[in-house]
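What follows is the content of model_5.pdb, which has PDB, C-alpha atoms:
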ATOM      1  CA  GLU A   1      47.110  37.259  16.498
ATOM      2  CA  VAL A   2      43.886  35.277  16.176
ATOM      3  CA  ALA A   3      41.708  38.222  17.220
ATOM      4  CA  GLN A   4      43.558  40.555  14.857
ATOM      5  CA  SER A   5      43.027  38.133  11.965
ATOM      6  CA  PHE A   6      39.214  38.509  11.918
ATOM      7  CA  SER A   7      37.981  40.654   9.029
ATOM      8  CA  ASP A   8      34.357  40.938  10.196
ATOM      9  CA  HIS A   9      33.596  44.667  10.688
ATOM     10  CA  ARG A  10      31.619  43.845  13.863
ATOM     11  CA  ILE A  11      34.763  42.610  15.598
ATOM     12  CA  ARG A  12      37.163  45.165  17.001
ATOM     13  CA  TYR A  13      40.565  44.196  18.342
ATOM     14  CA  ILE A  14      41.577  46.428  21.249
ATOM     15  CA  ARG A  15      44.744  46.059  23.279
ATOM     16  CA  ASN A  16      45.113  47.899  26.580
ATOM     17  CA  GLU A  17      48.304  49.888  27.058
ATOM     18  CA  ARG A  18      48.590  48.440  30.564
ATOM     19  CA  ASN A  19      46.957  45.605  32.479
ATOM     20  CA  LEU A  20      43.667  46.948  33.877
ATOM     21  CA  GLY A  21      42.841  43.873  35.953
ATOM     22  CA  ASN A  22      39.563  42.025  35.599
ATOM     23  CA  ILE A  23      37.296  44.825  36.877
ATOM     24  CA  GLY A  24      39.002  47.602  34.931
ATOM     25  CA  ASN A  25      38.945  45.470  31.794
ATOM     26  CA  TYR A  26      35.226  44.690  32.203
ATOM     27  CA  ASN A  27      34.385  48.365  32.628
ATOM     28  CA  ARG A  28      36.499  49.415  29.652
ATOM     29  CA  GLY A  29      34.986  46.689  27.496
ATOM     30  CA  ILE A  30      31.456  47.671  28.522
ATOM     31  CA  SER A  31      32.171  51.329  27.716
ATOM     32  CA  LEU A  32      33.313  50.367  24.200
ATOM     33  CA  THR A  33      30.254  48.300  23.304
ATOM     34  CA  LYS A  34      27.522  49.529  20.976
ATOM     35  CA  GLY A  35      24.740  46.936  21.260
ATOM     36  CA  ASP A  36      21.619  46.855  23.415
ATOM     37  CA  TYR A  37      22.798  43.809  25.396
ATOM     38  CA  ILE A  38      26.120  43.012  27.012
ATOM     39  CA  TRP A  39      27.370  39.534  27.802
ATOM     40  CA  LEU A  40      30.678  39.091  29.602
ATOM     41  CA  ILE A  41      31.783  35.530  29.005
ATOM     42  CA  SER A  42      35.384  34.507  29.611
ATOM     43  CA  ALA A  43      37.526  32.691  27.083
ATOM     44  CA  ASP A  44      37.476  29.513  29.170
ATOM     45  CA  ASP A  45      33.649  29.322  29.352
ATOM     46  CA  TYR A  46      31.317  28.540  26.457
ATOM     47  CA  LEU A  47      27.718  28.038  25.344
ATOM     48  CA  GLN A  48      26.201  24.567  25.704
ATOM     49  CA  MET A  49      23.511  25.214  23.094
ATOM     50  CA  ASP A  50      23.671  27.215  19.864
ATOM     51  CA  TYR A  51      20.335  28.937  20.557
ATOM     52  CA  VAL A  52      21.296  30.481  23.919
ATOM     53  CA  LEU A  53      21.741  34.037  22.687
ATOM     54  CA  ASP A  54      18.485  33.955  20.737
ATOM     55  CA  ARG A  55      16.594  32.623  23.742
ATOM     56  CA  TYR A  56      18.026  35.264  26.072
ATOM     57  CA  VAL A  57      17.306  38.117  23.652
ATOM     58  CA  GLN A  58      13.733  36.920  23.071
ATOM     59  CA  VAL A  59      13.109  37.097  26.834
ATOM     60  CA  MET A  60      14.569  40.610  26.977
ATOM     61  CA  LYS A  61      12.468  41.777  24.012
ATOM     62  CA  SER A  62       9.289  40.249  25.463
ATOM     63  CA  HIS A  63       9.863  41.732  28.935
ATOM     64  CA  PRO A  64      11.205  45.314  28.704
ATOM     65  CA  LYS A  65      11.375  45.675  32.507
ATOM     66  CA  VAL A  66      13.861  42.781  32.758
ATOM     67  CA  GLY A  67      17.398  44.062  33.289
ATOM     68  CA  TYR A  68      19.171  40.732  32.929
ATOM     69  CA  VAL A  69      18.559  37.095  32.122
ATOM     70  CA  PHE A  70      20.535  34.159  33.467
ATOM     71  CA  SER A  71      20.519  30.372  33.546
ATOM     72  CA  PRO A  72      22.269  27.587  35.470
ATOM     73  CA  VAL A  73      25.775  26.563  34.499
ATOM     74  CA  ILE A  74      27.340  23.176  33.988
ATOM     75  CA  ALA A  75      30.788  22.616  35.485
ATOM     76  CA  LEU A  76      33.604  21.319  33.295
ATOM     77  CA  GLU A  77      36.653  19.863  35.005
ATOM     78  CA  ASP A  78      39.477  18.078  33.184
ATOM     79  CA  SER A  79      37.427  18.103  29.947
ATOM     80  CA  GLN A  80      34.520  16.316  31.665
ATOM     81  CA  GLN A  81      31.141  17.817  32.468
ATOM     82  CA  THR A  82      30.571  17.207  36.183
ATOM     83  CA  GLY A  83      26.981  18.430  36.406
ATOM     84  CA  ILE A  84      24.951  21.521  37.169
ATOM     85  CA  MET A  85      26.488  23.862  39.720
ATOM     86  CA  LEU A  86      23.568  23.839  42.157
ATOM     87  CA  ASN A  87      24.370  27.196  43.769
ATOM     88  CA  TYR A  88      23.680  28.723  40.319
ATOM     89  CA  ALA A  89      20.355  26.924  39.821
ATOM     90  CA  PRO A  90      18.033  28.760  42.245
ATOM     91  CA  PHE A  91      14.648  27.872  40.709
ATOM     92  CA  PRO A  92      13.108  24.702  39.244
ATOM     93  CA  SER A  93      11.519  26.403  36.210
ATOM     94  CA  ASP A  94      11.634  29.551  34.061
ATOM     95  CA  VAL A  95      10.506  32.633  35.945
ATOM     96  CA  ILE A  96      10.365  36.429  35.705
ATOM     97  CA  LEU A  97      10.893  37.968  39.145
ATOM     98  CA  LYS A  98      10.283  41.460  40.423
ATOM     99  CA  GLY A  99      13.682  42.949  41.155
ATOM    100  CA  HIS A 100      13.087  43.570  44.865
ATOM    101  CA  LYS A 101      11.848  40.014  45.358
ATOM    102  CA  PHE A 102      14.920  38.617  43.608
ATOM    103  CA  LEU A 103      17.146  40.913  45.667
ATOM    104  CA  THR A 104      16.015  39.155  48.850
ATOM    105  CA  ARG A 105      17.127  35.862  47.273
ATOM    106  CA  LEU A 106      20.446  37.346  46.153
ATOM    107  CA  LEU A 107      21.247  38.572  49.643
ATOM    108  CA  GLN A 108      21.288  34.937  50.804
ATOM    109  CA  GLY A 109      24.220  34.406  48.424
ATOM    110  CA  CYS A 110      25.066  34.976  44.797
ATOM    111  CA  CYS A 111      23.114  32.580  42.576
ATOM    112  CA  VAL A 112      24.012  34.198  39.232
ATOM    113  CA  ALA A 113      27.171  32.941  37.521
ATOM    114  CA  ALA A 114      28.760  35.834  35.633
ATOM    115  CA  PRO A 115      29.186  33.954  32.327
ATOM    116  CA  ALA A 116      25.515  32.884  32.425
ATOM    117  CA  ALA A 117      23.965  36.367  32.364
ATOM    118  CA  ILE A 118      23.183  38.833  29.608
ATOM    119  CA  VAL A 119      22.495  42.415  30.713
ATOM    120  CA  ARG A 120      20.767  45.371  29.109
ATOM    121  CA  ARG A 121      23.294  48.058  28.303
ATOM    122  CA  GLU A 122      21.129  50.616  30.133
ATOM    123  CA  CYS A 123      21.737  48.776  33.425
ATOM    124  CA  TYR A 124      25.409  49.720  33.231
ATOM    125  CA  GLU A 125      24.682  53.210  31.884
ATOM    126  CA  LYS A 126      21.938  54.168  34.358
ATOM    127  CA  VAL A 127      22.738  52.106  37.449
ATOM    128  CA  SER A 128      26.343  51.030  37.880
ATOM    129  CA  MET A 129      29.527  49.662  36.398
ATOM    130  CA  PHE A 130      31.696  47.117  38.228
ATOM    131  CA  PRO A 131      32.970  48.559  41.529
ATOM    132  CA  GLY A 132      36.760  48.822  41.482
ATOM    133  CA  ASN A 133      37.078  47.803  45.121
ATOM    134  CA  MET A 134      35.363  44.409  44.643
ATOM    135  CA  PRO A 135      37.520  42.214  42.409
ATOM    136  CA  TYR A 136      35.913  39.040  43.764
ATOM    137  CA  ALA A 137      32.247  39.971  44.219
ATOM    138  CA  GLY A 138      31.767  42.809  41.737
ATOM    139  CA  ASP A 139      29.297  40.772  39.710
ATOM    140  CA  TRP A 140      27.246  39.889  42.818
ATOM    141  CA  TYR A 141      27.178  43.585  43.698
ATOM    142  CA  LEU A 142      25.860  44.400  40.207
ATOM    143  CA  TRP A 143      23.158  41.693  40.238
ATOM    144  CA  CYS A 144      21.904  43.157  43.508
ATOM    145  CA  THR A 145      22.142  46.772  42.381
ATOM    146  CA  PHE A 146      20.374  46.085  39.081
ATOM    147  CA  ALA A 147      17.589  44.302  41.016
ATOM    148  CA  PHE A 148      16.765  47.604  42.761
ATOM    149  CA  TYR A 149      15.691  49.006  39.388
ATOM    150  CA  TYR A 150      14.872  46.089  37.081
ATOM    151  CA  ASP A 151      13.097  42.752  37.058
ATOM    152  CA  VAL A 152      15.135  39.588  36.499
ATOM    153  CA  ALA A 153      14.515  36.603  34.220
ATOM    154  CA  TYR A 154      15.694  33.060  34.869
ATOM    155  CA  ILE A 155      15.766  30.277  32.282
ATOM    156  CA  ALA A 156      15.987  26.918  34.057
ATOM    157  CA  GLU A 157      17.697  25.086  31.201
ATOM    158  CA  PRO A 158      21.460  24.946  31.887
ATOM    159  CA  MET A 159      23.009  26.457  28.767
ATOM    160  CA  ILE A 160      26.467  27.653  29.796
ATOM    161  CA  ILE A 161      29.594  25.576  30.431
ATOM    162  CA  ARG A 162      31.873  26.986  33.115
ATOM    163  CA  ARG A 163      35.370  25.587  33.023
ATOM    164  CA  LEU A 164      36.867  25.031  36.483
ATOM    165  CA  HIS A 165      40.641  24.834  36.793
ATOM    166  CA  ASP A 166      43.484  25.869  39.086
ATOM    167  CA  ARG A 167      43.947  29.242  37.378
ATOM    168  CA  ASN A 168      40.334  30.442  37.836
ATOM    169  CA  MET A 169      40.109  33.776  39.655
ATOM    170  CA  THR A 170      37.692  32.118  42.082
ATOM    171  CA  LYS A 171      40.396  29.619  43.078
ATOM    172  CA  PHE A 172      42.829  32.475  43.676
ATOM    173  CA  TYR A 173      40.396  34.450  45.848
ATOM    174  CA  GLU A 174      39.418  31.383  47.841
ATOM    175  CA  GLY A 175      43.130  30.631  48.385
ATOM    176  CA  GLU A 176      45.844  33.306  48.378
ATOM    177  CA  GLY A 177      43.356  36.146  48.030
ATOM    178  CA  ARG A 178      41.019  34.957  50.791
ATOM    179  CA  ARG A 179      41.206  38.251  52.699
ATOM    180  CA  THR A 180      39.859  40.088  49.659
ATOM    181  CA  HIS A 181      37.335  37.286  49.183
ATOM    182  CA  MET A 182      36.013  37.638  52.735
ATOM    183  CA  ALA A 183      36.010  41.445  52.626
ATOM    184  CA  ASN A 184      34.010  41.393  49.367
ATOM    185  CA  MET A 185      31.567  38.782  50.698
ATOM    186  CA  LEU A 186      30.830  41.025  53.679
ATOM    187  CA  ALA A 187      30.756  44.241  51.676
ATOM    188  CA  VAL A 188      28.003  43.300  49.222
ATOM    189  CA  PRO A 189      25.175  42.695  51.735
ATOM    190  CA  TRP A 190      26.356  45.638  53.827
ATOM    191  CA  GLN A 191      26.260  48.007  50.839
ATOM    192  CA  MET A 192      22.859  46.705  49.763
ATOM    193  CA  LYS A 193      21.543  47.435  53.263
TER     194      LYS A 193
END
Write-out of the structure in structure tokens:
Amino acid sequence: EVAQSFSDHRIRYIRNERNLGNIGNYNRGISLTKGDYIWLISADDYLQMDYVLDRYVQVMKSHPKVGYVFSPVIALEDSQQTGIMLNYAPFPSDVILKGHKFLTRLLQGCCVAAPAAIVRRECYEKVSMFPGNMPYAGDWYLWCTFAFYYDVAYIAEPMIIRRLHDRNMTKFYEGEGRRTHMANMLAVPWQMK
């Protein structure tokens, strides 16, 4: 009802006829976009600073070989910020990395939080969409795949708040869905090889 109430012509309300799951929904949403940049940020995550989008886009405009830009995230648990999630803060300062160099870092483990990255539309059009068989690590797969073809930018300022709670998909895949979690964690480096 809230989404349908917006009268801004840039906002389109779309309801799927059936539940597509997270990966199917991402791919459908991406296919419906019209802009040059795509940012998948969940309803339970939000921007720490009001200039985040501008900062990301300025990096993309200044560096046309960069396929995506990301930054560290701050964890939010029980309405309290608990600090920077260190596994998503791989570098001490801003940096533009050659894709292949960043790929070697990515293969040590995913250091890009999905809500903290903005991607050029052409990455999805020319390289890959989310793989349907990787509901847990589809984003990690994409960061790696994009790095084969594009450079990567990192902004060291933590600008995204990632809400952690019992209903996060990560919690599910690390609990009940741990078989899928483990299969996906093994599949990404194997497919990159």
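The spacing separating atom CA of Ser71 of chain A from atom CA of Arg12 of chain A amounts to 27.7 Å.
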Please provide as a ChimeraX atom specification all residues within 9 Å of Leu86 of chain A, with the sequence filter that same-chain residues fewer than 5 positions apart are discarded (counting all atoms listed in the file). /A:72-73,111
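Interatomic distance, atom CA of His181 of chain A against atom CA of Met134 of chain A: 8.7 Å.
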In the coordinate frame of the file, compute which residues have an atom within 9 Å of (26.7, 44.7, 49.4) when using only C-alpha atoms, and state them as a list in words. Leu107, Ala137, Trp140, Tyr141, Cys144, Thr145, Asn184, Met185, Leu186, Ala187, Val188, Pro189, Trp190, Gln191, Met192 and Lys193 of chain A
Residues within 10 Å of segment 50-52 of chain A, please, as a list in words. Count only C-alpha atoms; anything in the same chain fewer than 4 positions from it doesn't count.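 Here the answer would be Tyr56, Val57, Gln58, Ser71, Ala116, Glu157, Pro158, Met159 and Ile160 of chain A.
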Restricting the calculation to only C-alpha atoms, which member of A:Pro131, A:Gly99, A:Gly24, A:Gly83 is positioned closest to Tyr150 of chain A?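 Smallest separation from Tyr150 of chain A among the options: A:Gly99.
Here the PyMOL selection byres ((chain A and resi 120-124) around 9) captures the residues Ile30, Ser31, Thr33, Lys34, Gly35, Asp36, Tyr37, Ile38, Trp39, Met60, Val66, Gly67, Tyr68, Ile118, Val119, Glu125, Lys126, Val127, Ser128, Met129, Phe130, Leu142, Phe146, Tyr149 and Tyr150 of chain A.
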Could you check how far atom CA of Ala156 of chain A sits from atom CA of Gly29 of chain A, in Å to one decimal?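 Here the two named atoms are 28.2 Å from each other.
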Restricting the calculation to all atoms listed in the file, which member of A:Leu32, A:Arg15, A:Ser5, A:Ile74 is positioned closest to Tyr46 of chain A?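 Of all the options, A:Ile74 lies closest to Tyr46 of chain A.
Taking all atoms listed in the file into account, Phe102 of chain A lies nearest to A:Val152 out of the set A:Leu53, A:Val59, A:Leu76, A:Val152.
Among the candidates A:Gly175, A:Ile96, A:Val2, A:Thr82, the one nearest to Lys65 of chain A when counting all atoms listed in the file is A:Ile96.
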With the input short on atoms, add N, CA and C atoms back to segment 64-83 of chain A and write it as a compact mmCIF listing (two decimals), in the coordinates of the input.
# COMPACT_ATOMS: atom_id res chain seq x y z
N PRO A 64 10.34 44.13 28.67
CA PRO A 64 11.20 45.31 28.70
C PRO A 64 11.63 45.77 30.10
N LYS A 65 10.97 45.30 31.15
CA LYS A 65 11.38 45.68 32.51
C LYS A 65 12.47 44.76 33.06
N VAL A 66 12.81 43.70 32.33
CA VAL A 66 13.86 42.78 32.76
C VAL A 66 15.22 43.41 32.44
N GLY A 67 16.06 43.50 33.46
CA GLY A 67 17.40 44.06 33.29
C GLY A 67 18.43 43.04 32.88
N TYR A 68 18.25 41.80 33.34
CA TYR A 68 19.17 40.73 32.93
C TYR A 68 18.49 39.38 32.99
N VAL A 69 19.03 38.47 32.21
CA VAL A 69 18.56 37.10 32.12
C VAL A 69 19.74 36.19 32.44
N PHE A 70 19.47 35.11 33.19
CA PHE A 70 20.54 34.16 33.47
C PHE A 70 19.97 32.75 33.50
N SER A 71 20.88 31.79 33.49
CA SER A 71 20.52 30.37 33.55
C SER A 71 21.55 29.64 34.40
N PRO A 72 21.27 28.38 34.74
CA PRO A 72 22.27 27.59 35.47
C PRO A 72 23.48 27.32 34.59
N VAL A 73 24.56 26.93 35.23
CA VAL A 73 25.78 26.56 34.50
C VAL A 73 26.14 25.11 34.80
N ILE A 74 26.83 24.53 33.84
CA ILE A 74 27.34 23.18 33.99
C ILE A 74 28.85 23.28 34.20
N ALA A 75 29.35 22.59 35.20
CA ALA A 75 30.79 22.62 35.48
C ALA A 75 31.53 21.69 34.53
N LEU A 76 32.72 22.12 34.14
CA LEU A 76 33.60 21.32 33.30
C LEU A 76 34.96 21.25 33.98
N GLU A 77 35.36 20.06 34.35
CA GLU A 77 36.65 19.86 35.01
C GLU A 77 37.40 18.76 34.27
N ASP A 78 38.65 19.05 33.91
CA ASP A 78 39.48 18.08 33.18
C ASP A 78 38.76 17.53 31.96
N SER A 79 38.15 18.43 31.19
CA SER A 79 37.43 18.10 29.95
C SER A 79 36.19 17.23 30.15
N GLN A 80 35.71 17.11 31.38
CA GLN A 80 34.52 16.32 31.66
C GLN A 80 33.46 17.18 32.33
N GLN A 81 32.23 17.12 31.81
CA GLN A 81 31.14 17.82 32.47
C GLN A 81 30.83 17.07 33.77
N THR A 82 30.79 17.83 34.87
CA THR A 82 30.57 17.21 36.18
C THR A 82 29.19 17.51 36.75
N GLY A 83 28.34 18.18 35.97
CA GLY A 83 26.98 18.43 36.41
C GLY A 83 26.68 19.90 36.63
